[in-house]
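Undergrad: What follows is final20.txt, compact mmCIF, C-alpha atoms.
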```txt
# COMPACT_ATOMS: atom_id res chain seq x y z
CA MET V 261 74.62 63.91 191.90
CA SER V 262 75.12 63.69 195.63
CA ILE V 263 73.46 64.65 198.90
CA VAL V 264 74.97 65.69 202.19
CA GLU V 265 73.59 64.48 205.51
CA LEU V 266 74.28 66.78 208.45
CA GLU V 267 73.74 66.57 212.18
CA ASN V 268 73.81 69.48 214.59
CA SER V 269 77.30 70.22 215.83
CA VAL V 270 79.66 72.98 216.92
CA LEU V 271 82.48 74.26 214.72
CA LYS V 272 85.64 75.22 216.61
CA GLY V 273 89.20 75.90 215.56
CA LYS V 274 91.13 77.48 212.70
CA VAL V 275 90.57 77.15 208.98
CA ASN V 276 92.73 78.35 206.09
CA ILE V 277 90.33 79.85 203.59
CA PRO V 278 91.00 79.19 199.87
CA PRO V 279 92.13 81.94 197.49
CA SER V 280 89.53 84.38 196.20
CA LYS V 281 87.69 83.04 193.18
CA SER V 282 86.88 86.58 192.04
CA ALA V 283 90.48 87.79 192.27
CA ALA V 284 91.77 84.61 190.65
CA HIS V 285 89.58 85.09 187.54
CA ARG V 286 91.02 88.58 187.11
CA ALA V 287 94.62 87.61 187.77
CA LEU V 288 94.50 84.68 185.34
CA ILE V 289 93.15 86.94 182.59
CA CYS V 290 95.71 89.68 183.26
CA SER V 291 98.52 87.13 183.28
CA PHE V 292 97.31 85.73 179.96
CA LEU V 293 97.16 89.21 178.42
CA SER V 294 100.65 90.00 179.71
CA GLY V 295 102.05 86.92 178.01
CA GLY V 296 103.76 85.43 181.04
CA GLY V 297 104.15 85.11 184.79
CA LYS V 298 102.65 82.65 187.29
CA VAL V 299 99.44 82.97 189.28
CA ASP V 300 99.64 81.23 192.65
CA GLY V 301 96.45 80.29 194.46
CA ILE V 302 94.30 78.63 191.79
CA ILE V 303 92.16 75.86 193.27
CA ASP V 304 90.72 72.97 191.31
CA SER V 305 87.17 74.32 191.10
CA SER V 306 84.91 74.21 188.06
CA ASP V 307 84.86 78.02 187.81
CA MET V 308 88.66 78.12 187.66
CA LYS V 309 88.60 75.35 185.05
CA ALA V 310 86.18 77.48 183.03
CA THR V 311 88.52 80.47 182.97
CA THR V 312 91.73 78.50 182.37
CA GLY V 313 89.95 76.55 179.63
CA ALA V 314 88.64 79.74 178.01
CA LEU V 315 92.10 81.32 178.00
CA GLU V 316 93.63 78.15 176.54
CA ALA V 317 90.97 78.21 173.82
CA LEU V 318 91.85 81.81 172.96
CA LYS V 319 95.56 80.99 172.92
CA SER V 320 95.18 77.95 170.69
CA GLY V 321 92.68 79.54 168.30
CA LYS V 322 89.72 77.31 169.09
CA GLU V 323 86.40 78.56 167.78
CA VAL V 324 84.27 77.29 170.70
CA ILE V 325 84.72 78.54 174.26
CA ASN V 326 82.80 76.57 176.89
CA CYS V 327 82.33 78.72 180.00
CA ILE V 328 80.73 75.78 181.85
CA GLU V 329 78.58 77.46 184.56
CA SER V 330 80.82 80.48 185.24
CA GLY V 331 79.14 83.83 184.68
CA SER V 332 82.40 85.61 185.47
CA THR V 333 84.26 83.66 182.80
CA LEU V 334 81.62 84.40 180.19
CA ARG V 335 81.25 88.10 180.89
CA PHE V 336 84.98 88.72 181.26
CA ILE V 337 86.10 86.77 178.18
CA ILE V 338 83.49 88.01 175.68
CA PRO V 339 84.93 91.55 175.28
CA ILE V 340 88.51 90.27 175.49
CA ALA V 341 87.90 87.87 172.60
CA ALA V 342 86.34 90.77 170.68
CA ALA V 343 89.27 93.07 171.46
CA LEU V 344 91.62 90.38 170.14
CA GLY V 345 89.53 90.07 166.96
CA LYS V 346 88.62 86.44 167.55
CA LYS V 347 85.85 84.56 165.75
CA VAL V 348 84.40 82.34 168.45
CA CYS V 349 81.21 80.78 169.79
CA PHE V 350 80.53 80.94 173.54
CA THR V 351 78.62 78.09 175.16
CA GLY V 352 77.82 77.07 178.73
CA SER V 353 75.89 74.68 180.95
CA GLY V 354 73.61 74.70 183.99
CA ARG V 355 71.73 78.00 184.29
CA LEU V 356 74.38 79.97 182.40
CA PRO V 357 72.53 79.74 179.06
CA GLU V 358 69.50 81.28 180.82
CA ARG V 359 71.38 84.34 182.04
CA PRO V 360 70.88 87.35 179.72
CA ILE V 361 73.77 88.87 177.76
CA GLY V 362 71.77 91.31 175.65
CA GLU V 363 73.62 94.33 177.04
CA TYR V 364 76.92 92.96 175.76
CA ILE V 365 75.47 92.11 172.38
CA ARG V 366 74.26 95.70 171.98
CA LEU V 367 77.61 97.15 173.03
CA LEU V 368 79.64 94.85 170.81
CA GLU V 369 77.49 95.52 167.76
CA GLU V 370 77.77 99.28 168.38
CA HIS V 371 81.57 98.92 168.36
CA GLY V 372 82.29 96.87 165.27
CA VAL V 373 81.59 93.28 166.32
CA LYS V 374 79.07 91.06 164.56
CA CYS V 375 77.01 88.98 166.99
CA GLU V 376 74.72 86.01 166.45
CA SER V 377 72.50 85.24 169.46
CA ASN V 378 68.93 85.42 170.75
CA GLY V 379 70.10 87.36 173.79
CA PHE V 380 71.38 84.24 175.53
CA LEU V 381 73.94 81.52 174.86
CA PRO V 382 75.14 80.31 172.47
CA LEU V 383 76.76 83.55 171.28
CA LYS V 384 78.84 83.78 168.13
CA ILE V 385 81.06 86.84 167.64
CA GLU V 386 83.19 87.97 164.71
CA GLY V 387 85.17 91.16 164.10
CA LYS V 388 87.44 93.43 166.12
CA LEU V 389 86.21 95.67 168.92
CA LYS V 390 86.62 99.42 168.39
CA ALA V 391 87.42 102.08 170.95
CA GLY V 392 84.78 104.66 171.86
CA MET V 393 82.06 105.44 174.35
CA TYR V 394 80.37 102.48 176.02
CA LYS V 395 77.07 103.41 177.62
CA LEU V 396 75.47 100.80 179.86
CA ARG V 397 73.37 100.45 182.96
CA GLY V 398 75.20 99.93 186.21
CA ASP V 399 72.46 97.91 187.89
CA ILE V 400 72.52 94.81 185.66
CA SER V 401 75.88 93.28 186.52
CA SER V 402 79.23 94.73 187.55
CA GLN V 403 80.76 91.88 185.53
CA TYR V 404 79.97 93.79 182.33
CA VAL V 405 82.05 96.70 183.58
CA THR V 406 84.89 94.40 184.63
CA GLY V 407 84.93 92.68 181.24
CA LEU V 408 85.22 96.01 179.46
CA LEU V 409 87.91 97.27 181.83
CA LEU V 410 89.98 94.17 181.07
CA ALA V 411 89.53 94.50 177.29
CA LEU V 412 89.62 98.23 176.54
CA PRO V 413 93.35 98.77 177.32
CA LEU V 414 94.09 96.48 174.34
CA LEU V 415 92.44 98.86 171.85
CA ASN V 416 94.27 101.51 169.85
CA GLU V 417 92.54 104.56 171.28
CA LYS V 418 90.99 105.89 174.48
CA SER V 419 87.59 104.52 175.54
CA GLU V 420 85.05 105.65 178.09
CA ILE V 421 82.55 103.62 180.08
CA VAL V 422 79.49 105.72 180.91
CA LEU V 423 77.07 104.29 183.47
CA THR V 424 73.47 105.37 182.93
CA SER V 425 72.34 104.15 186.36
CA PRO V 426 74.13 103.71 189.70
CA LEU V 427 76.70 100.92 189.76
CA GLN V 428 75.78 97.97 191.98
CA SER V 429 78.41 95.61 193.40
CA LYS V 430 81.00 98.36 192.96
CA PRO V 431 83.57 96.60 195.20
CA TYR V 432 83.96 93.99 192.47
CA VAL V 433 84.91 96.72 190.00
CA ASP V 434 87.27 98.21 192.59
CA MET V 435 88.91 94.78 192.80
CA THR V 436 89.27 94.73 189.01
CA ILE V 437 90.96 98.13 189.02
CA LYS V 438 93.34 96.99 191.77
CA VAL V 439 94.37 93.84 189.89
CA LEU V 440 94.73 95.84 186.67
CA LYS V 441 97.03 98.28 188.46
CA ASP V 442 99.06 95.35 189.78
CA TYR V 443 99.60 94.37 186.14
CA GLY V 444 100.52 97.90 185.03
CA ILE V 445 97.16 99.01 183.60
CA GLU V 446 95.77 102.42 184.56
CA VAL V 447 92.05 103.22 184.81
CA GLU V 448 90.64 106.64 185.69
CA GLU V 449 87.36 106.71 187.60
CA THR V 450 85.02 109.52 186.53
CA GLU V 451 81.79 110.91 187.93
CA ASN V 452 79.71 108.51 185.82
CA GLY V 453 82.09 105.73 184.90
CA TYR V 454 85.67 105.08 183.81
CA LEU V 455 88.26 106.31 181.29
CA VAL V 456 90.67 103.78 179.80
CA GLU V 457 93.63 104.74 177.62
CA GLY V 458 94.34 102.50 174.64
CA ASN V 459 97.63 100.85 173.69
CA GLN V 460 98.40 99.88 177.27
CA LYS V 461 100.63 96.88 177.93
CA TYR V 462 99.95 94.30 180.62
CA LYS V 463 103.09 93.78 182.73
CA VAL V 464 104.54 90.29 183.12
CA ARG V 465 104.72 89.36 186.80
CA ASP V 466 104.09 86.57 189.29
CA TYR V 467 100.92 87.01 191.32
CA SER V 468 99.62 85.56 194.59
CA VAL V 469 95.85 85.52 195.00
CA GLU V 470 94.44 86.71 198.33
CA GLY V 471 92.02 84.71 200.50
CA ASP V 472 88.31 84.57 199.69
CA TRP V 473 86.06 86.68 201.93
CA SER V 474 82.94 85.23 200.26
CA GLN V 475 83.87 81.75 201.49
CA ALA V 476 85.05 83.08 204.85
CA ALA V 477 81.51 84.33 205.50
CA PHE V 478 80.17 80.78 205.93
CA PHE V 479 82.65 79.82 208.64
CA LEU V 480 82.41 83.18 210.40
CA ALA V 481 78.63 82.76 210.42
CA ALA V 482 79.07 79.29 211.95
CA GLY V 483 81.32 80.67 214.66
CA ALA V 484 78.95 83.50 215.56
CA ILE V 485 75.91 81.23 215.64
CA CYS V 486 77.20 78.41 217.82
CA GLY V 487 80.95 77.97 217.79
CA ASP V 488 84.38 79.57 217.87
CA VAL V 489 86.04 79.77 214.45
CA THR V 490 89.13 81.63 213.29
CA VAL V 491 89.41 82.11 209.54
CA CYS V 492 93.01 82.60 208.36
CA ARG V 493 94.71 83.83 205.17
CA LEU V 494 92.53 86.93 204.86
CA ASP V 495 93.68 90.36 203.69
CA MET V 496 92.23 92.98 206.02
CA ASN V 497 92.95 95.66 203.38
CA SER V 498 91.15 93.74 200.63
CA THR V 499 88.88 95.48 198.13
CA GLN V 500 86.52 92.46 198.20
CA GLY V 501 83.03 93.66 199.04
CA ASP V 502 82.29 90.59 201.14
CA LYS V 503 84.83 91.80 203.69
CA LYS V 504 81.75 93.57 205.06
CA ILE V 505 80.85 90.31 206.80
CA VAL V 506 82.95 91.55 209.74
CA ASP V 507 80.92 94.74 210.17
CA ILE V 508 77.60 93.00 209.54
CA LEU V 509 78.27 90.30 212.12
CA ARG V 510 79.12 93.00 214.64
CA CYS V 511 75.80 94.69 213.83
CA PHE V 512 74.07 91.37 214.55
CA GLY V 513 75.83 91.50 217.94
CA ALA V 514 78.55 88.93 217.26
CA ASP V 515 81.80 88.76 219.20
CA ILE V 516 84.40 89.37 216.49
CA GLU V 517 88.18 89.66 216.82
CA THR V 518 90.44 90.72 213.94
CA ALA V 519 94.20 90.28 213.47
CA ASP V 520 96.58 91.01 210.59
CA ASN V 521 95.38 88.12 208.43
CA SER V 522 92.58 86.43 210.35
CA VAL V 523 89.13 86.94 211.86
CA ARG V 524 87.69 85.07 214.85
CA ALA V 525 83.93 84.71 215.43
CA LYS V 526 82.59 83.32 218.71
CA LYS V 527 79.13 82.20 219.75
CA SER V 528 77.05 85.27 220.53
CA GLU V 529 73.57 86.52 221.28
CA LEU V 530 72.41 87.76 217.88
CA CYS V 531 69.62 90.22 217.10
CA GLY V 532 67.90 90.95 213.80
CA ILE V 533 69.06 93.91 211.72
CA GLU V 534 68.47 95.60 208.34
CA ILE V 535 71.02 94.86 205.58
CA ASP V 536 71.55 96.50 202.18
CA ALA V 537 72.77 93.75 199.85
CA ARG V 538 73.32 96.04 196.84
CA ASP V 539 77.10 95.55 196.88
CA ILE V 540 77.25 92.09 198.51
CA PRO V 541 74.77 89.85 196.66
CA ASP V 542 76.86 86.69 197.02
CA MET V 543 76.76 86.96 200.80
CA VAL V 544 72.96 86.87 201.09
CA PRO V 545 72.66 83.07 201.59
CA ALA V 546 75.11 83.21 204.52
CA LEU V 547 73.41 86.30 205.96
CA SER V 548 70.05 84.56 205.73
CA VAL V 549 71.09 81.67 207.96
CA ILE V 550 72.58 84.11 210.47
CA ALA V 551 69.24 85.93 210.49
CA ALA V 552 67.40 82.65 211.11
CA ASN V 553 69.45 82.26 214.31
CA ALA V 554 69.01 85.86 215.47
CA LYS V 555 66.27 87.15 217.75
CA GLY V 556 63.68 89.30 216.03
CA LYS V 557 63.34 90.33 212.41
CA THR V 558 66.03 90.80 209.77
CA VAL V 559 65.34 92.59 206.49
CA ILE V 560 67.74 92.09 203.57
CA LYS V 561 67.17 94.76 200.92
CA ASN V 562 68.15 95.18 197.25
CA ILE V 563 68.07 91.50 196.37
CA GLN V 564 66.57 91.56 192.86
CA ARG V 565 69.74 90.46 191.07
CA LEU V 566 69.89 87.31 193.20
CA ARG V 567 67.22 85.84 190.95
CA LEU V 568 69.76 85.52 188.11
CA LYS V 569 72.50 83.60 189.90
CA GLU V 570 73.24 79.86 189.75
CA SER V 571 69.72 79.52 191.11
CA ASP V 572 67.01 82.02 191.91
CA ARG V 573 68.63 82.65 195.26
CA VAL V 574 65.65 84.55 196.63
CA GLU V 575 63.42 81.53 196.08
CA SER V 576 66.17 79.10 197.12
CA VAL V 577 66.80 80.86 200.43
CA VAL V 578 63.17 81.45 201.36
CA SER V 579 61.91 77.98 200.44
CA ASN V 580 64.68 76.23 202.39
CA LEU V 581 64.22 78.44 205.44
CA LYS V 582 60.52 77.62 205.45
CA LYS V 583 61.24 73.89 205.22
CA ALA V 584 63.47 74.29 208.28
CA GLY V 585 60.64 75.90 210.24
CA VAL V 586 61.79 79.51 209.85
CA ASN V 587 59.29 82.28 209.20
CA ALA V 588 60.66 83.82 206.00
CA TYR V 589 59.17 85.50 202.95
CA SER V 590 60.19 87.80 200.12
CA THR V 591 58.86 90.87 198.37
CA GLU V 592 60.04 92.24 195.05
CA ASP V 593 63.26 93.54 196.55
CA GLU V 594 63.50 92.24 200.12
CA ILE V 595 63.87 89.04 202.10
CA ILE V 596 62.32 89.17 205.56
CA ILE V 597 63.37 86.59 208.15
CA GLU V 598 62.15 86.06 211.71
CA GLY V 599 64.59 84.27 214.00
CA SER V 600 63.22 80.83 214.86
CA ASP V 601 64.01 77.40 216.24
CA ILE V 602 65.61 75.49 213.38
CA GLN V 603 64.19 72.09 212.45
CA GLY V 604 66.04 69.38 210.58
CA ALA V 605 64.60 68.93 207.09
CA GLU V 606 65.21 67.70 203.57
CA LEU V 607 66.51 70.79 201.78
CA ASN V 608 67.13 71.52 198.13
CA GLY V 609 70.64 72.60 197.13
CA PHE V 610 69.30 73.90 193.78
CA ASN V 611 72.64 72.93 192.20
CA ASP V 612 73.98 76.15 193.75
CA HIS V 613 77.24 76.07 195.68
CA ARG V 614 76.38 79.01 197.94
CA ILE V 615 72.98 77.56 198.86
CA VAL V 616 74.52 74.21 199.84
CA MET V 617 77.23 75.85 201.93
CA ALA V 618 74.86 78.31 203.62
CA PHE V 619 72.37 75.65 204.67
CA SER V 620 75.11 73.40 205.97
CA VAL V 621 75.65 76.24 208.47
CA LEU V 622 71.92 76.32 209.26
CA ALA V 623 72.11 72.57 210.01
CA LEU V 624 74.52 73.24 212.90
CA THR V 625 71.66 74.39 215.16
CA ALA V 626 68.85 72.28 213.71
CA ASN V 627 66.78 69.94 215.86
CA GLY V 628 67.29 66.69 214.00
CA LYS V 629 69.09 65.63 210.86
CA THR V 630 69.32 67.83 207.77
CA THR V 631 69.90 66.64 204.22
CA ILE V 632 70.78 68.90 201.30
CA SER V 633 70.65 67.81 197.67
CA ASP V 634 73.19 68.73 194.97
CA ALA V 635 76.12 68.65 197.39
CA GLN V 636 78.45 68.24 194.41
CA SER V 637 77.76 71.85 193.43
CA ILE V 638 80.37 73.07 195.92
CA SER V 639 82.98 72.01 193.34
CA LYS V 640 82.09 75.21 191.50
CA SER V 641 84.03 77.32 193.99
CA TYR V 642 85.20 75.36 197.08
CA PRO V 643 85.64 71.60 196.47
CA ALA V 644 87.23 71.05 199.91
CA TYR V 645 84.44 72.81 201.82
CA PHE V 646 83.04 69.78 203.64
CA ASN V 647 86.53 68.54 204.48
CA ASP V 648 87.20 71.87 206.20
CA TYR V 649 83.73 71.85 207.78
CA ASN V 650 84.35 68.42 209.32
CA SER V 651 87.88 69.30 210.40
CA LEU V 652 86.35 71.96 212.66
CA GLY V 653 83.97 69.45 214.27
CA GLY V 654 81.15 69.41 211.76
CA ARG V 655 79.20 66.24 211.07
CA ALA V 656 78.67 66.19 207.33
CA ASN V 657 78.47 62.98 205.31
CA VAL V 658 78.45 63.40 201.54
CA ILE V 659 76.74 60.50 199.76
CA ASP V 660 77.04 59.93 196.02
CA ASN V 661 73.54 58.90 194.96
CA ARG V 662 74.07 58.54 191.21
CA GLN V 663 72.17 55.62 189.76
```
Spell out the structure here as structure tokens.
TA:
Amino acid sequence: MSIVELENSVLKGKVNIPPSKSAAHRALICSFLSGGGKVDGIIDSSDMKATTGALEALKSGKEVINCIESGSTLRFIIPIAAALGKKVCFTGSGRLPERPIGEYIRLLEEHGVKCESNGFLPLKIEGKLKAGMYKLRGDISSQYVTGLLLALPLLNEKSEIVLTSPLQSKPYVDMTIKVLKDYGIEVEETENGYLVEGNQKYKVRDYSVEGDWSQAAFFLAAGAICGDVTVCRLDMNSTQGDKKIVDILRCFGADIETADNSVRAKKSELCGIEIDARDIPDMVPALSVIAANAKGKTVIKNIQRLRLKESDRVESVVSNLKKAGVNAYSTEDEIIIEGSDIQGAELNGFNDHRIVMAFSVLALTANGKTTISDAQSISKSYPAYFNDYNSLGGRANVIDNRQ
């Protein structure tokens, strides 16, 4: 366990953002299913270790697949293992065993796979997945849809995914379809879901993973609040939903400049706005600290699914904002934040990488020192985050406090 001590500072300069964690998961899986090719842009994060470890377990015939704390790994690999006819037990750590997988269990059992679970991990599966119609809600997790889209081309016949409610976080599914196409797999979008032909073959190729817009959001927020930051290695034509950070910052009133592969955010007078987080749930922690530095009220809507992330991110965001002297509260489906003077405080990282990174941005304008617990959680997605933060002028000191 570790804490990070932060003092107010100004971030200025350029930063090369790491490759997209979301795209990397998909590319690694497609490369594995193709049987060859390299994937460039895999960082040494725990989520990447989860996916590479899961694929190695499938390849070597191991009967236990440890997804560590990666929800993407778990939800993507379950149907792939079933499509390959594997007998395996899925396990995990952190909050992952608390995250429900009942929808998958129902779908797998309806399509020829025997499951042993209480609706959570551990999950044992046995049998081979069958083609057919897969009906599921679209408002639980887009990761279910992605997992099926990755697995269904391996089956012998055509399958259809039918969504019984509107799909949330659709940009993540759009990303999946793009990566699948890059590997030679065709998916047809329908009015209520997707059609996937069977007997498709993943194409062997080398793949370079694009930059991560989710991580870029933290540094762009820092620039807009009190600095001048240019984030490089970004694809302006990306399907990543979190690319919306550019438009949202402009709505806040931020001075934003875009180039072919970079975005620059400069200190600006920010004003509260209303944000629909339906398709960008991972960006809510970063948006919350921007709102805390904006004049007036910001309302972030459609946040229910944030309660089932690495932490209950609604509670994590609101409680930390309050500790820092910000007027913030939540309803069933909204977070409301009044721009305030930020006070240094002892904050809880909730063992959640996005909470730690977001509140390190809040610390930039705080009156007094800020400490955040669970600083080690950034290793889940961005192990070099505080190195990059300090290289821009930040004042972050990570202290290992293990006894």
Undergrad: Wanna dump the range 520-630 of chain V-range 469-492 of chain V contacts at 10 Å for me, each residue with its shortest atom pair and the distance in Å to one decimal, counting all atoms listed in the file, ordered by chain and number, as JSON lines?
TA:
```
{"residue": "V:Asp520", "atom": "CA", "partner": "V:Cys492", "partner_atom": "CA", "distance": 9.4}
{"residue": "V:Asn521", "atom": "CA", "partner": "V:Cys492", "partner_atom": "CA", "distance": 6.0}
{"residue": "V:Ser522", "atom": "CA", "partner": "V:Cys492", "partner_atom": "CA", "distance": 4.3}
{"residue": "V:Val523", "atom": "CA", "partner": "V:Val491", "partner_atom": "CA", "distance": 5.4}
{"residue": "V:Arg524", "atom": "CA", "partner": "V:Thr490", "partner_atom": "CA", "distance": 4.0}
{"residue": "V:Ala525", "atom": "CA", "partner": "V:Gly483", "partner_atom": "CA", "distance": 4.9}
{"residue": "V:Lys526", "atom": "CA", "partner": "V:Asp488", "partner_atom": "CA", "distance": 4.2}
{"residue": "V:Lys527", "atom": "CA", "partner": "V:Ala484", "partner_atom": "CA", "distance": 4.4}
{"residue": "V:Ser528", "atom": "CA", "partner": "V:Ala484", "partner_atom": "CA", "distance": 5.6}
{"residue": "V:Glu529", "atom": "CA", "partner": "V:Ile485", "partner_atom": "CA", "distance": 8.1}
{"residue": "V:Leu530", "atom": "CA", "partner": "V:Ile485", "partner_atom": "CA", "distance": 7.7}
{"residue": "V:Ile540", "atom": "CA", "partner": "V:Ser474", "partner_atom": "CA", "distance": 9.1}
{"residue": "V:Asp542", "atom": "CA", "partner": "V:Ser474", "partner_atom": "CA", "distance": 7.0}
{"residue": "V:Met543", "atom": "CA", "partner": "V:Ser474", "partner_atom": "CA", "distance": 6.4}
{"residue": "V:Val544", "atom": "CA", "partner": "V:Ala477", "partner_atom": "CA", "distance": 9.9}
{"residue": "V:Pro545", "atom": "CA", "partner": "V:Phe478", "partner_atom": "CA", "distance": 9.0}
{"residue": "V:Ala546", "atom": "CA", "partner": "V:Phe478", "partner_atom": "CA", "distance": 5.8}
{"residue": "V:Leu547", "atom": "CA", "partner": "V:Ala481", "partner_atom": "CA", "distance": 7.7}
{"residue": "V:Ser548", "atom": "CA", "partner": "V:Ala481", "partner_atom": "CA", "distance": 9.9}
{"residue": "V:Val549", "atom": "CA", "partner": "V:Ala481", "partner_atom": "CA", "distance": 8.0}
{"residue": "V:Ile550", "atom": "CA", "partner": "V:Ala481", "partner_atom": "CA", "distance": 6.2}
{"residue": "V:Ala551", "atom": "CA", "partner": "V:Ile485", "partner_atom": "CA", "distance": 9.6}
{"residue": "V:Ala552", "atom": "CA", "partner": "V:Ile485", "partner_atom": "CA", "distance": 9.7}
{"residue": "V:Asn553", "atom": "CA", "partner": "V:Ile485", "partner_atom": "CA", "distance": 6.7}
{"residue": "V:Ala554", "atom": "CA", "partner": "V:Ile485", "partner_atom": "CA", "distance": 8.3}
{"residue": "V:Arg614", "atom": "CA", "partner": "V:Gln475", "partner_atom": "CA", "distance": 8.7}
{"residue": "V:Met617", "atom": "CA", "partner": "V:Phe478", "partner_atom": "CA", "distance": 7.0}
{"residue": "V:Ala618", "atom": "CA", "partner": "V:Phe478", "partner_atom": "CA", "distance": 6.3}
{"residue": "V:Phe619", "atom": "CA", "partner": "V:Phe478", "partner_atom": "CA", "distance": 9.4}
{"residue": "V:Ser620", "atom": "CA", "partner": "V:Phe478", "partner_atom": "CA", "distance": 8.9}
{"residue": "V:Val621", "atom": "CA", "partner": "V:Ala482", "partner_atom": "CA", "distance": 5.8}
{"residue": "V:Leu622", "atom": "CA", "partner": "V:Ala482", "partner_atom": "CA", "distance": 8.2}
{"residue": "V:Ala623", "atom": "CA", "partner": "V:Ala482", "partner_atom": "CA", "distance": 9.9}
{"residue": "V:Leu624", "atom": "CA", "partner": "V:Cys486", "partner_atom": "CA", "distance": 7.6}
{"residue": "V:Thr625", "atom": "CA", "partner": "V:Cys486", "partner_atom": "CA", "distance": 7.3}
```
Undergrad: Set the distance at 9 Å and use only C-alpha atoms: which residues neighbour Ala343 in chain V once local chain neighbours fewer than 6 positions away are removed? I'd like the list as a list in words.
TA: Gly387, Lys388, Leu389, Lys390, Ala411, Leu412, Leu414 and Leu415 of chain V
Undergrad: Counting all atoms listed in the file, write as a PyMOL selection string all protein and nucleic acid residues lying at most 8 Å from (83.9, 92.0, 166.2) in the file's frame.
TA: chain V and resi 342-343+345-347+368-369+371-375+385-389
Undergrad: Determine, counting only C-alpha atoms, which protein, DNA and RNA residues have an atom within 8 Å of an atom of range 627-637 of chain V; residues of the same chain fewer than 6 positions away are not included. Present the result as a tab-separated table (two decimals) with C-alpha atoms, in the coordinates of the input.
TA:
```tsv
chain	number	residue	atom	x	y	z
V	261	MET	CA	74.62	63.91	191.90
V	262	SER	CA	75.12	63.69	195.63
V	263	ILE	CA	73.46	64.65	198.90
V	264	VAL	CA	74.97	65.69	202.19
V	265	GLU	CA	73.59	64.48	205.51
V	266	LEU	CA	74.28	66.78	208.45
V	267	GLU	CA	73.74	66.57	212.18
V	268	ASN	CA	73.81	69.48	214.59
V	601	ASP	CA	64.01	77.40	216.24
V	602	ILE	CA	65.61	75.49	213.38
V	603	GLN	CA	64.19	72.09	212.45
V	604	GLY	CA	66.04	69.38	210.58
V	605	ALA	CA	64.60	68.93	207.09
V	606	GLU	CA	65.21	67.70	203.57
V	607	LEU	CA	66.51	70.79	201.78
V	608	ASN	CA	67.13	71.52	198.13
V	609	GLY	CA	70.64	72.60	197.13
V	610	PHE	CA	69.30	73.90	193.78
V	611	ASN	CA	72.64	72.93	192.20
V	612	ASP	CA	73.98	76.15	193.75
V	613	HIS	CA	77.24	76.07	195.68
V	616	VAL	CA	74.52	74.21	199.84
V	619	PHE	CA	72.37	75.65	204.67
V	620	SER	CA	75.11	73.40	205.97
V	658	VAL	CA	78.45	63.40	201.54
```
Undergrad: Step by step, gather every atom of range 395-408 of chain V that the file lists, find the box along x, y and z that holds them, add 3 Å on each side, and finally give centre and edge lengths in Å to one decimal, as JSON.
TA:
```
{"center_x": 78.8, "center_y": 97.6, "center_z": 182.8, "size_x": 18.8, "size_y": 17.5, "size_z": 16.3}
```
Undergrad: Which residues, written as an MDAnalysis selection string, have at least one atom at most 9 Å from Glu358 in chain V, with only C-alpha atoms counted and residues fewer than 5 positions away on the same chain left out?
TA: chainID V and resid 380:381 568
Undergrad: Do you know which residues lie at most 9 Å from (67.3, 79.9, 194.3), with coordinates as in the file and only C-alpha atoms counted, and could you write them as a ChimeraX atom specification?
TA: /V:566-579,609-610,612,615
Undergrad: Restricting it to C-alpha atoms, dump the selection as an mmCIF file, in the frame of the given file.
TA:
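Dumped to again.cif:
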```
data_model
loop_
_atom_site.group_PDB
_atom_site.id
_atom_site.type_symbol
_atom_site.label_atom_id
_atom_site.label_comp_id
_atom_site.auth_asym_id
_atom_site.auth_seq_id
_atom_site.Cartn_x
_atom_site.Cartn_y
_atom_site.Cartn_z
ATOM 1 C CA LEU V 566 69.890 87.310 193.200
ATOM 2 C CA ARG V 567 67.220 85.840 190.950
ATOM 3 C CA LEU V 568 69.760 85.520 188.110
ATOM 4 C CA LYS V 569 72.500 83.600 189.900
ATOM 5 C CA GLU V 570 73.240 79.860 189.750
ATOM 6 C CA SER V 571 69.720 79.520 191.110
ATOM 7 C CA ASP V 572 67.010 82.020 191.910
ATOM 8 C CA ARG V 573 68.630 82.650 195.260
ATOM 9 C CA VAL V 574 65.650 84.550 196.630
ATOM 10 C CA GLU V 575 63.420 81.530 196.080
ATOM 11 C CA SER V 576 66.170 79.100 197.120
ATOM 12 C CA VAL V 577 66.800 80.860 200.430
ATOM 13 C CA VAL V 578 63.170 81.450 201.360
ATOM 14 C CA SER V 579 61.910 77.980 200.440
ATOM 15 C CA GLY V 609 70.640 72.600 197.130
ATOM 16 C CA PHE V 610 69.300 73.900 193.780
ATOM 17 C CA ASP V 612 73.980 76.150 193.750
ATOM 18 C CA ILE V 615 72.980 77.560 198.860
#
```
Undergrad: Between CA of Gly354 in chain V and CA of Glu316 in chain V, what is the spacing in Å?
TA: 21.6 Å
Undergrad: Go ahead and compute the interatomic distance for CA of Tyr467 in chain V and CA of Asp495 in chain V, in Å to one decimal.
TA: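 A separation of 14.7 Å between them.
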Undergrad: Near Ser641 in chain V, within 8 Å and counting all atoms listed in the file, which residues show up once chain neighbours fewer than 3 positions away are dropped, as JSON, numbers by chain?
TA: {"V": [281, 305, 306, 307, 308, 613, 638]}
Undergrad: Please save C-alpha atoms of the selected residues as an mmCIF file, in the frame of the given file.
TA:
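result28.cif was written with the following content:
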```cif
data_model
loop_
_atom_site.group_PDB
_atom_site.id
_atom_site.type_symbol
_atom_site.label_atom_id
_atom_site.label_comp_id
_atom_site.auth_asym_id
_atom_site.auth_seq_id
_atom_site.Cartn_x
_atom_site.Cartn_y
_atom_site.Cartn_z
ATOM 1 C CA LYS V 281 87.690 83.040 193.180
ATOM 2 C CA SER V 305 87.170 74.320 191.100
ATOM 3 C CA SER V 306 84.910 74.210 188.060
ATOM 4 C CA ASP V 307 84.860 78.020 187.810
ATOM 5 C CA MET V 308 88.660 78.120 187.660
ATOM 6 C CA HIS V 613 77.240 76.070 195.680
ATOM 7 C CA ILE V 638 80.370 73.070 195.920
#
```
